[in-house]
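Novice: Here you go, this is final20.txt (compact mmCIF, C-alpha atoms and all ligand atoms).
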# COMPACT_ATOMS: atom_id res chain seq x y z
CA MET A 1 -47.13 19.05 -1.13
CA MET A 2 -44.31 18.54 1.35
CA SER A 3 -44.64 20.29 4.72
CA ASP A 4 -41.99 22.72 5.95
CA THR A 5 -41.08 20.31 8.73
CA LEU A 6 -40.45 17.44 6.31
CA GLU A 7 -38.41 19.64 4.00
CA ALA A 8 -36.33 20.86 6.91
CA SER A 9 -35.60 17.33 8.08
CA ALA A 10 -34.98 15.89 4.59
CA PRO A 11 -31.62 14.06 4.58
CA VAL A 12 -28.73 15.97 3.09
CA GLN A 13 -26.99 14.04 0.33
CA PRO A 14 -23.44 15.33 0.24
CA LEU A 15 -21.87 14.57 -3.11
CA LEU A 16 -18.11 14.11 -2.97
CA ALA A 17 -17.76 15.02 -6.61
CA PRO A 18 -20.29 16.28 -9.16
CA PHE A 19 -21.87 13.50 -11.22
CA GLY A 20 -19.58 12.57 -14.11
CA ALA A 21 -16.48 14.16 -12.55
CA GLU A 22 -13.20 12.25 -12.27
CA PRO A 23 -13.25 9.82 -9.35
CA LEU A 24 -10.94 10.77 -6.49
CA ILE A 25 -9.28 9.66 -3.28
CA VAL A 26 -10.84 11.61 -0.40
CA THR A 27 -7.63 13.07 1.03
CA ASP A 28 -9.36 14.97 3.87
CA LEU A 29 -11.32 11.97 5.10
CA TYR A 30 -11.81 13.23 8.65
CA GLY A 31 -13.12 16.55 7.30
CA ALA A 32 -15.47 14.72 4.92
CA ILE A 33 -16.89 12.62 7.77
CA ALA A 34 -16.86 15.14 10.62
CA GLY A 35 -17.35 18.39 8.67
CA GLN A 36 -19.36 17.50 5.57
CA GLY A 37 -21.24 14.59 7.11
CA CYS A 38 -20.27 12.20 4.31
CA SER A 39 -21.75 8.77 4.89
CA LEU A 40 -20.03 5.43 4.38
CA VAL A 41 -22.29 4.91 1.35
CA ASP A 42 -20.91 8.14 -0.18
CA LEU A 43 -17.32 7.18 0.57
CA THR A 44 -17.75 3.64 -0.74
CA TRP A 45 -19.25 4.99 -3.98
CA GLU A 46 -16.14 7.10 -4.51
CA GLN A 47 -13.91 4.07 -3.82
CA GLN A 48 -15.91 2.00 -6.32
CA ARG A 49 -15.72 4.70 -9.02
CA LEU A 50 -11.95 4.98 -8.71
CA HIS A 51 -11.49 1.21 -8.64
CA GLU A 52 -13.58 0.81 -11.82
CA ALA A 53 -11.78 3.64 -13.57
CA ARG A 54 -8.41 1.97 -12.93
CA ARG A 55 -9.24 -1.60 -13.98
CA TRP A 56 -6.93 -3.35 -16.42
CA SER A 57 -6.70 -6.90 -17.73
CA VAL A 58 -3.81 -9.20 -16.77
CA VAL A 59 -4.66 -11.51 -19.69
CA GLU A 60 -4.45 -8.62 -22.17
CA MET A 61 -1.29 -7.21 -20.59
CA LEU A 62 0.52 -10.57 -20.78
CA SER A 63 -0.51 -11.06 -24.40
CA GLY A 64 1.44 -7.89 -25.25
CA ILE A 65 4.78 -9.31 -23.97
CA ASP A 66 7.28 -10.95 -26.33
CA ILE A 67 8.32 -13.89 -24.10
CA ASP A 68 11.36 -14.81 -26.24
CA ALA A 69 12.72 -11.25 -26.12
CA VAL A 70 12.86 -10.95 -22.30
CA SER A 71 16.50 -10.63 -21.15
CA ASP A 72 18.07 -12.59 -18.25
CA SER A 73 18.16 -9.43 -16.14
CA ASP A 74 14.48 -8.69 -16.81
CA ARG A 75 13.54 -12.31 -16.02
CA ASN A 76 15.10 -11.82 -12.59
CA LEU A 77 12.90 -8.76 -12.01
CA VAL A 78 9.75 -10.68 -12.94
CA TRP A 79 10.65 -13.60 -10.64
CA ASN A 80 11.35 -11.34 -7.64
CA ALA A 81 8.18 -9.28 -8.21
CA GLY A 82 6.04 -12.44 -8.32
CA ARG A 83 7.36 -13.60 -4.95
CA ALA A 84 6.97 -10.13 -3.39
CA GLU A 85 3.37 -9.84 -4.57
CA LEU A 86 2.46 -13.20 -3.01
CA THR A 87 2.82 -11.53 0.39
CA THR A 88 0.28 -8.75 -0.26
CA LYS A 89 -2.88 -10.87 0.19
CA PRO A 90 -2.19 -11.68 3.87
CA GLY A 91 -1.55 -7.95 4.40
CA ALA A 92 -4.93 -7.04 2.91
CA ASP A 93 -6.71 -9.87 4.75
CA ARG A 94 -5.22 -8.66 8.01
CA LEU A 95 -6.21 -5.04 7.33
CA GLU A 96 -9.81 -6.01 6.60
CA ARG A 97 -10.11 -7.96 9.84
CA GLN A 98 -8.25 -5.44 12.01
CA ALA A 99 -10.10 -2.41 10.60
CA ASP A 100 -13.47 -4.00 11.34
CA ALA A 101 -12.39 -4.97 14.88
CA GLU A 102 -11.12 -1.39 15.48
CA CYS A 103 -14.37 0.00 14.06
CA ARG A 104 -16.37 -1.95 16.62
CA ARG A 105 -13.98 -0.94 19.42
CA TRP A 106 -14.55 2.77 18.64
CA LEU A 107 -18.29 2.54 18.00
CA GLY A 108 -20.14 4.52 20.69
CA LYS A 109 -16.83 5.99 21.95
CA ASP A 110 -16.04 8.03 18.82
CA ASP A 111 -18.29 7.21 15.88
CA ARG A 112 -16.19 9.31 13.51
CA VAL A 113 -13.12 7.16 14.15
CA ALA A 114 -15.36 4.09 13.78
CA ALA A 115 -16.43 5.40 10.35
CA ILE A 116 -12.78 5.99 9.29
CA MET A 117 -11.96 2.39 10.28
CA GLN A 118 -14.95 1.03 8.37
CA ALA A 119 -14.06 3.09 5.26
CA CYS A 120 -10.53 1.63 5.48
CA GLY A 121 -11.76 -1.97 5.93
CA THR A 122 -14.19 -1.51 3.04
CA TRP A 123 -11.45 -0.21 0.74
CA SER A 124 -9.27 -3.23 1.60
CA ARG A 125 -11.43 -5.34 -0.76
CA TYR A 126 -10.38 -3.16 -3.72
CA TRP A 127 -6.77 -3.20 -2.56
CA ASN A 128 -6.81 -7.01 -2.31
CA GLU A 129 -8.32 -7.37 -5.79
CA GLU A 130 -5.79 -4.98 -7.33
CA GLU A 131 -2.89 -6.81 -5.69
CA ALA A 132 -4.31 -10.05 -7.13
CA HIS A 133 -3.64 -8.56 -10.58
CA HIS A 134 0.01 -7.95 -9.66
CA GLU A 135 0.58 -11.38 -8.14
CA THR A 136 -0.99 -13.36 -10.95
CA ALA A 137 0.59 -11.25 -13.71
CA PHE A 138 4.16 -11.76 -12.47
CA ASN A 139 3.78 -15.39 -11.41
CA ARG A 140 2.04 -16.44 -14.64
CA LEU A 141 4.80 -14.65 -16.54
CA SER A 142 7.43 -16.55 -14.52
CA THR A 143 5.73 -19.79 -15.58
CA LEU A 144 5.66 -18.72 -19.26
CA LEU A 145 9.35 -17.76 -19.03
CA GLY A 146 10.22 -21.16 -17.52
CA LEU A 147 11.63 -19.63 -14.31
CA GLU A 148 12.07 -21.51 -11.03
CA ALA A 149 8.57 -22.56 -9.97
CA ILE A 150 6.97 -21.56 -6.67
CA SER A 151 6.09 -24.74 -4.76
CA ASP A 152 2.78 -25.02 -2.93
CA GLU A 153 4.81 -25.10 0.29
CA THR A 154 6.38 -21.71 -0.50
CA PHE A 155 3.04 -20.31 -1.67
CA ILE A 156 1.42 -21.28 1.65
CA GLU A 157 4.42 -20.00 3.64
CA PHE A 158 4.16 -16.61 1.91
CA ARG A 159 0.47 -16.38 2.79
CA GLN A 160 1.15 -16.21 6.54
CA VAL A 161 -0.86 -13.39 8.04
CA PHE A 162 0.95 -10.40 9.48
CA PRO A 163 0.73 -9.79 13.25
CA ASP A 164 -1.55 -6.99 14.48
CA ASP A 165 -0.19 -3.63 15.56
CA ASP A 166 -1.52 -0.15 16.41
CA MET A 167 -3.65 1.00 13.44
CA LEU A 168 -1.72 4.21 12.73
CA ARG A 169 1.55 2.26 12.78
CA THR A 170 0.02 -0.34 10.47
CA LEU A 171 -1.24 2.23 7.95
CA THR A 172 2.08 4.11 7.96
CA LEU A 173 3.95 0.85 7.41
CA LEU A 174 1.64 -0.03 4.52
CA ALA A 175 2.10 3.44 2.95
CA ILE A 176 5.89 2.99 3.13
CA SER A 177 5.67 -0.56 1.74
CA GLU A 178 3.73 0.81 -1.25
CA ILE A 179 6.42 3.51 -1.68
CA VAL A 180 9.14 0.83 -1.77
CA ALA A 181 7.16 -1.21 -4.30
CA ALA A 182 6.25 1.81 -6.48
CA VAL A 183 9.84 3.06 -6.69
CA ASN A 184 11.16 -0.44 -7.39
CA TYR A 185 8.66 -0.97 -10.23
CA ALA A 186 9.30 2.49 -11.70
CA ASN A 187 13.05 1.77 -11.72
CA CYS A 188 12.48 -1.62 -13.31
CA SER A 189 10.24 -0.16 -16.02
CA ARG A 190 12.97 2.32 -16.95
CA VAL A 191 15.55 -0.39 -17.74
CA ILE A 192 13.28 -3.03 -19.30
CA ALA A 193 13.57 -3.25 -23.09
CA ASP A 194 10.45 -5.19 -24.15
CA PRO A 195 7.60 -2.62 -24.49
CA GLY A 196 4.95 -5.04 -23.21
CA LEU A 197 6.93 -5.91 -20.07
CA LYS A 198 7.81 -2.25 -19.54
CA ALA A 199 4.08 -1.39 -19.70
CA LEU A 200 3.26 -4.09 -17.11
CA PHE A 201 5.81 -2.76 -14.58
CA LYS A 202 4.60 0.82 -15.22
CA GLN A 203 0.97 -0.15 -14.67
CA VAL A 204 1.72 -2.03 -11.45
CA GLY A 205 3.86 0.90 -10.22
CA ALA A 206 0.97 3.31 -10.88
CA ASP A 207 -1.35 1.05 -8.84
CA GLU A 208 1.12 1.08 -5.93
CA ILE A 209 1.22 4.91 -5.92
CA GLN A 210 -2.57 4.97 -5.75
CA HIS A 211 -2.47 2.49 -2.82
CA MET A 212 0.11 4.70 -1.08
CA ASN A 213 -2.24 7.67 -1.42
CA TYR A 214 -5.11 5.72 0.13
CA PHE A 215 -2.98 4.61 3.10
CA ILE A 216 -1.81 8.20 3.62
CA ALA A 217 -5.44 9.40 3.59
CA PHE A 218 -6.57 6.81 6.18
CA ALA A 219 -3.53 7.48 8.40
CA LYS A 220 -4.04 11.26 8.17
CA ALA A 221 -7.71 10.86 9.13
CA LEU A 222 -6.70 8.96 12.30
CA VAL A 223 -4.24 11.72 13.27
CA ASP A 224 -6.78 14.46 12.41
CA SER A 225 -9.35 12.75 14.64
CA GLY A 226 -7.05 13.26 17.64
CA ALA A 227 -7.44 9.60 18.60
CA TYR A 228 -4.00 8.52 17.31
CA PRO A 229 -0.79 10.43 18.15
CA ALA A 230 1.55 11.42 15.29
CA LYS A 231 4.52 9.87 17.14
CA GLU A 232 3.38 6.41 15.98
CA ALA A 233 3.77 7.39 12.31
CA PHE A 234 7.29 8.67 13.02
CA SER A 235 8.25 5.56 15.00
CA VAL A 236 7.48 3.35 11.99
CA ALA A 237 9.18 5.74 9.56
CA HIS A 238 12.29 5.65 11.78
CA LEU A 239 12.41 1.84 11.51
CA PHE A 240 12.64 2.19 7.74
CA MET A 241 14.88 5.27 7.57
CA ARG A 242 17.54 4.50 10.19
CA GLU A 243 20.94 3.38 8.99
CA GLY A 244 20.60 -0.22 7.90
CA GLY A 245 16.81 0.06 8.32
CA GLU A 246 14.04 -1.62 6.37
CA LEU A 247 14.32 0.82 3.46
CA TYR A 248 17.63 -0.80 2.59
CA GLY A 249 15.84 -4.13 1.96
CA SER A 250 18.03 -7.15 1.37
CA ARG A 251 21.16 -4.99 1.07
CA ARG A 252 21.22 -4.71 4.85
CA GLU A 253 23.91 -6.63 6.69
CA GLN A 254 21.28 -8.25 8.86
CA VAL A 255 17.89 -9.04 7.41
CA GLU A 256 15.28 -9.89 10.02
CA THR A 257 14.04 -13.44 10.07
CA ARG A 258 10.46 -13.61 11.18
CA ASP A 259 8.52 -16.67 12.25
CA THR A 260 5.22 -14.98 11.52
CA HIS A 261 5.26 -13.72 7.94
CA VAL A 262 7.44 -13.18 4.90
CA ASN A 263 8.27 -9.80 3.38
CA TRP A 264 9.99 -10.66 0.12
CA TRP A 265 11.18 -7.07 -0.41
CA ASP A 266 13.57 -7.86 2.48
CA HIS A 267 14.91 -10.86 0.60
CA LEU A 268 15.16 -9.83 -3.06
CA GLU A 269 17.75 -12.00 -4.73
CA HIS A 270 20.56 -9.98 -6.24
CA ARG A 271 22.67 -11.70 -8.85
CA SER A 272 25.86 -10.03 -9.98
CA GLY A 273 25.59 -8.24 -13.30
CA LEU A 274 21.79 -8.11 -13.15
CA PHE A 275 19.84 -4.91 -12.51
CA SER A 276 18.30 -4.50 -9.07
CA PRO A 277 16.07 -1.60 -8.04
CA GLU A 278 17.18 0.60 -5.15
CA ALA A 279 16.88 4.41 -5.36
CA ILE A 280 17.05 4.97 -1.60
CA GLU A 281 16.88 8.75 -1.95
CA LYS A 282 13.70 8.65 -3.99
CA LYS A 283 12.13 6.34 -1.40
CA GLN A 284 13.24 8.65 1.43
CA MET A 285 11.72 11.69 -0.31
CA LEU A 286 8.39 9.92 -0.69
CA VAL A 287 8.45 8.89 2.98
CA TYR A 288 9.03 12.55 4.03
CA HIS A 289 6.12 13.52 1.79
CA ALA A 290 3.91 10.83 3.36
CA LEU A 291 4.83 11.92 6.92
CA GLU A 292 4.00 15.54 6.11
CA LYS A 293 0.62 14.57 4.65
CA ILE A 294 -0.21 12.30 7.59
CA THR A 295 0.98 14.51 10.46
CA GLY A 296 1.51 18.01 9.01
CA ILE A 297 5.15 17.86 10.20
CA LYS A 298 7.84 18.52 7.60
CA VAL A 299 11.11 16.57 7.76
CA SER A 300 13.88 16.07 5.22
CA SER A 301 16.48 13.68 6.65
CA PRO A 302 16.57 10.35 8.52
CA GLU A 303 18.04 12.24 11.52
CA ALA A 304 15.09 14.67 11.50
CA VAL A 305 12.70 11.70 11.45
CA GLU A 306 14.40 10.26 14.54
CA ASP A 307 14.61 13.65 16.33
CA THR A 308 10.95 14.40 15.64
CA TRP A 309 9.95 10.97 16.87
CA MET A 310 11.94 11.48 20.10
CA ASP A 311 10.43 14.96 20.57
CA LEU A 312 6.91 13.62 20.08
CA VAL A 313 7.53 10.76 22.51
CA GLY A 314 8.66 13.34 25.08
CA CYS A 315 5.48 15.40 24.63
FE FE B 1 1.41 -4.89 -5.67
FE FE B 2 0.02 -2.07 -3.68
Please, can you express the file's structure as structure tokens?
Specialist:
Amino acid sequence: MMSDTLEASAPVQPLLAPFGAEPLIVTDLYGAIAGQGCSLVDLTWEQQRLHEARRWSVVEMLSGIDIDAVSDSDRNLVWNAGRAELTTKPGADRLERQADAECRRWLGKDDRVAAIMQACGTWSRYWNEEEAHHETAFNRLSTLLGLEAISDETFIEFRQVFPDDDMLRTLTLLAISEIVAAVNYANCSRVIADPGLKALFKQVGADEIQHMNYFIAFAKALVDSGAYPAKEAFSVAHLFMREGGELYGSRREQVETRDTHVNWWDHLEHRSGLFSPEAIEKKQMLVYHALEKITGIKVSSPEAVEDTWMDLVGC
């Protein structure tokens, strides 16, 4: 029989969700770690369950597409998406490395922040694998459609790793990048005629929304911890929202040229008469939503984003 002392000191096993329940994204990550005492094993289990529940097969998805029925306009969408998705692997590789380095930097100073960083770095393996589905689906399809091939030189150029930045800025930027991708794919899926190709764009768009929600959760946890000031989230949002900012993609008069890495969403090729995804207002709405979730501050215009950022800098 177990003694009272042993029973009292028996480890608590906090379950994030009852066994058999739908897997979920832990949206209050700081609360789960600091309040409920959730361990990294618990959090990783939830990440694994959601990843498994969302798996789909690129081979099966491509077999459902009528290659001969894909229009010129839709071919253009596939080609652009393939190039954009090539740049996600260096983003995920960078996040994995940076999150682990940040984890070790915080260890002993604030172990809760260290745990948030490790949960983020651990999730990056699922993110990377899911983006691999997107990249290979669109680029294989480009090959099957006989579109302009991606040379090894371009492939390697697009794999250049992103430079490091403050972690809250990085996570906010990634959340916004997923918003841009999700809205673009949703718009594409609406105009595509072939049901198989429509389903592929819809599926990829749904993955991007799920990625956005993860980035929001990690960013919110950093703000909730008190270790990262909300102004950093607003500073990145301002870069995207300002007139002629990154949200306007390749339609801007001046698109940044970077020596370090490629962001194809900045360079989408628009050909006259062919559909191109934009929906700036929808993207703006989702950015406001993300900022509110991350910081608790509600905004509803690009000017309010800038004003709030300036106010927070002045604090
Ligand atoms: Fe993607
Ligand atoms: Fe994504």
Novice: Just give me the gap between atom FE of ligand FE 2 (chain B) and CA of Arg94 (chain A) in Å, one decimal is fine.
Specialist: 14.4 Å
Novice: The residues within 10 Å of (-8.4, 6.5, -2.4), using only C-alpha atoms and the coordinates of the file, should be reported as a PyMOL selection string; which are they?
Specialist: chain A and resi 23-27+29+43-44+46-48+50-51+120+123+126-127+210-218
Novice: Could you check how far CA of Asp165 (chain A) sits from CA of Ala221 (chain A), in Å to one decimal?
Specialist: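 One can read the CA of Asp165 (chain A) to CA of Ala221 (chain A) distance as 17.5 Å.
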Novice: Have a look at A:Ala137, A:Leu77, A:Ala175, A:Ile33 and name the one nearest to ligand FE 2 (chain B); count only C-alpha atoms and all ligand atoms.
Specialist: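 The answer is A:Ala175, which sits nearest to ligand FE 2 (chain B).
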Novice: Can I get the residues close to ligand FE 2 (chain B) as a list in words, where close means within 8 Å and we count all atoms listed in the file?
Specialist: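 Here is the list of contacting residues: Thr88, Trp127, Glu130, Glu131, Ser177, Glu178, Ala181, Ala182, Val204, Asp207, Glu208, Ile209, Gln210, His211 and Met212 of chain A.
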Novice: Pick out the closest residue to ligand FE 1 (chain B) from this set: A:Leu174, A:Val113, A:Leu147, A:Ala21. Count all atoms listed in the file.
Specialist: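 Checking each candidate against ligand FE 1 (chain B), we get A:Leu174 as the closest.
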Novice: When you count all atoms listed in the file, which of these residues is closest to ligand FE 1 (chain B): A:Glu135, A:Glu281, A:Glu232, A:Glu22?
Specialist: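 The closest residue to ligand FE 1 (chain B) is A:Glu135.
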Novice: Would you mind completing region 224-250 of chain A to N, CA and C atoms and writing the output as a compact mmCIF listing (two decimals), in the coordinates of the input?
Specialist:
# COMPACT_ATOMS: atom_id res chain seq x y z
N ASP A 224 -5.87 13.31 12.35
CA ASP A 224 -6.78 14.46 12.41
C ASP A 224 -7.87 14.27 13.46
N SER A 225 -8.27 13.03 13.68
CA SER A 225 -9.35 12.75 14.64
C SER A 225 -8.91 13.01 16.08
N GLY A 226 -7.58 13.06 16.29
CA GLY A 226 -7.05 13.26 17.64
C GLY A 226 -6.96 11.97 18.44
N ALA A 227 -7.42 10.87 17.86
CA ALA A 227 -7.44 9.60 18.60
C ALA A 227 -6.10 8.86 18.51
N TYR A 228 -5.29 9.21 17.51
CA TYR A 228 -4.00 8.52 17.31
C TYR A 228 -2.87 9.55 17.25
N PRO A 229 -1.87 9.44 18.13
CA PRO A 229 -0.79 10.43 18.15
C PRO A 229 0.20 10.25 16.99
N ALA A 230 0.65 11.41 16.45
CA ALA A 230 1.55 11.42 15.29
C ALA A 230 2.85 10.67 15.55
N LYS A 231 3.23 10.54 16.83
CA LYS A 231 4.52 9.87 17.14
C LYS A 231 4.55 8.44 16.57
N GLU A 232 3.40 7.79 16.47
CA GLU A 232 3.38 6.41 15.98
C GLU A 232 3.78 6.34 14.50
N ALA A 233 3.38 7.35 13.72
CA ALA A 233 3.77 7.39 12.31
C ALA A 233 5.29 7.56 12.20
N PHE A 234 5.84 8.44 13.05
CA PHE A 234 7.29 8.67 13.02
C PHE A 234 8.07 7.46 13.52
N SER A 235 7.51 6.73 14.48
CA SER A 235 8.25 5.56 15.00
C SER A 235 8.42 4.51 13.90
N VAL A 236 7.38 4.32 13.09
CA VAL A 236 7.48 3.35 11.99
C VAL A 236 8.43 3.87 10.90
N ALA A 237 8.30 5.16 10.59
CA ALA A 237 9.18 5.74 9.56
C ALA A 237 10.65 5.59 9.99
N HIS A 238 10.92 5.78 11.28
CA HIS A 238 12.29 5.65 11.78
C HIS A 238 12.83 4.23 11.54
N LEU A 239 11.99 3.23 11.75
CA LEU A 239 12.41 1.84 11.51
C LEU A 239 12.92 1.64 10.09
N PHE A 240 12.26 2.31 9.14
CA PHE A 240 12.64 2.19 7.74
C PHE A 240 13.85 3.06 7.40
N MET A 241 13.90 4.28 7.99
CA MET A 241 14.88 5.27 7.57
C MET A 241 16.24 5.12 8.25
N ARG A 242 16.27 4.55 9.43
CA ARG A 242 17.54 4.50 10.19
C ARG A 242 18.59 3.76 9.37
N GLU A 243 19.84 4.02 9.71
CA GLU A 243 20.94 3.38 8.99
C GLU A 243 20.78 1.86 9.06
N GLY A 244 20.79 1.22 7.92
CA GLY A 244 20.60 -0.22 7.90
C GLY A 244 19.16 -0.63 8.16
N GLY A 245 18.24 0.34 8.06
CA GLY A 245 16.81 0.06 8.32
C GLY A 245 16.13 -0.64 7.16
N GLU A 246 14.81 -0.81 7.32
CA GLU A 246 14.04 -1.62 6.37
C GLU A 246 14.06 -1.07 4.94
N LEU A 247 14.30 0.23 4.80
CA LEU A 247 14.32 0.82 3.46
C LEU A 247 15.46 0.26 2.62
N TYR A 248 16.46 -0.28 3.30
CA TYR A 248 17.63 -0.80 2.59
C TYR A 248 17.41 -2.24 2.13
N GLY A 249 16.24 -2.81 2.45
CA GLY A 249 15.84 -4.13 1.96
C GLY A 249 16.90 -5.18 2.19
N SER A 250 17.13 -6.02 1.19
CA SER A 250 18.03 -7.15 1.37
C SER A 250 19.50 -6.75 1.31
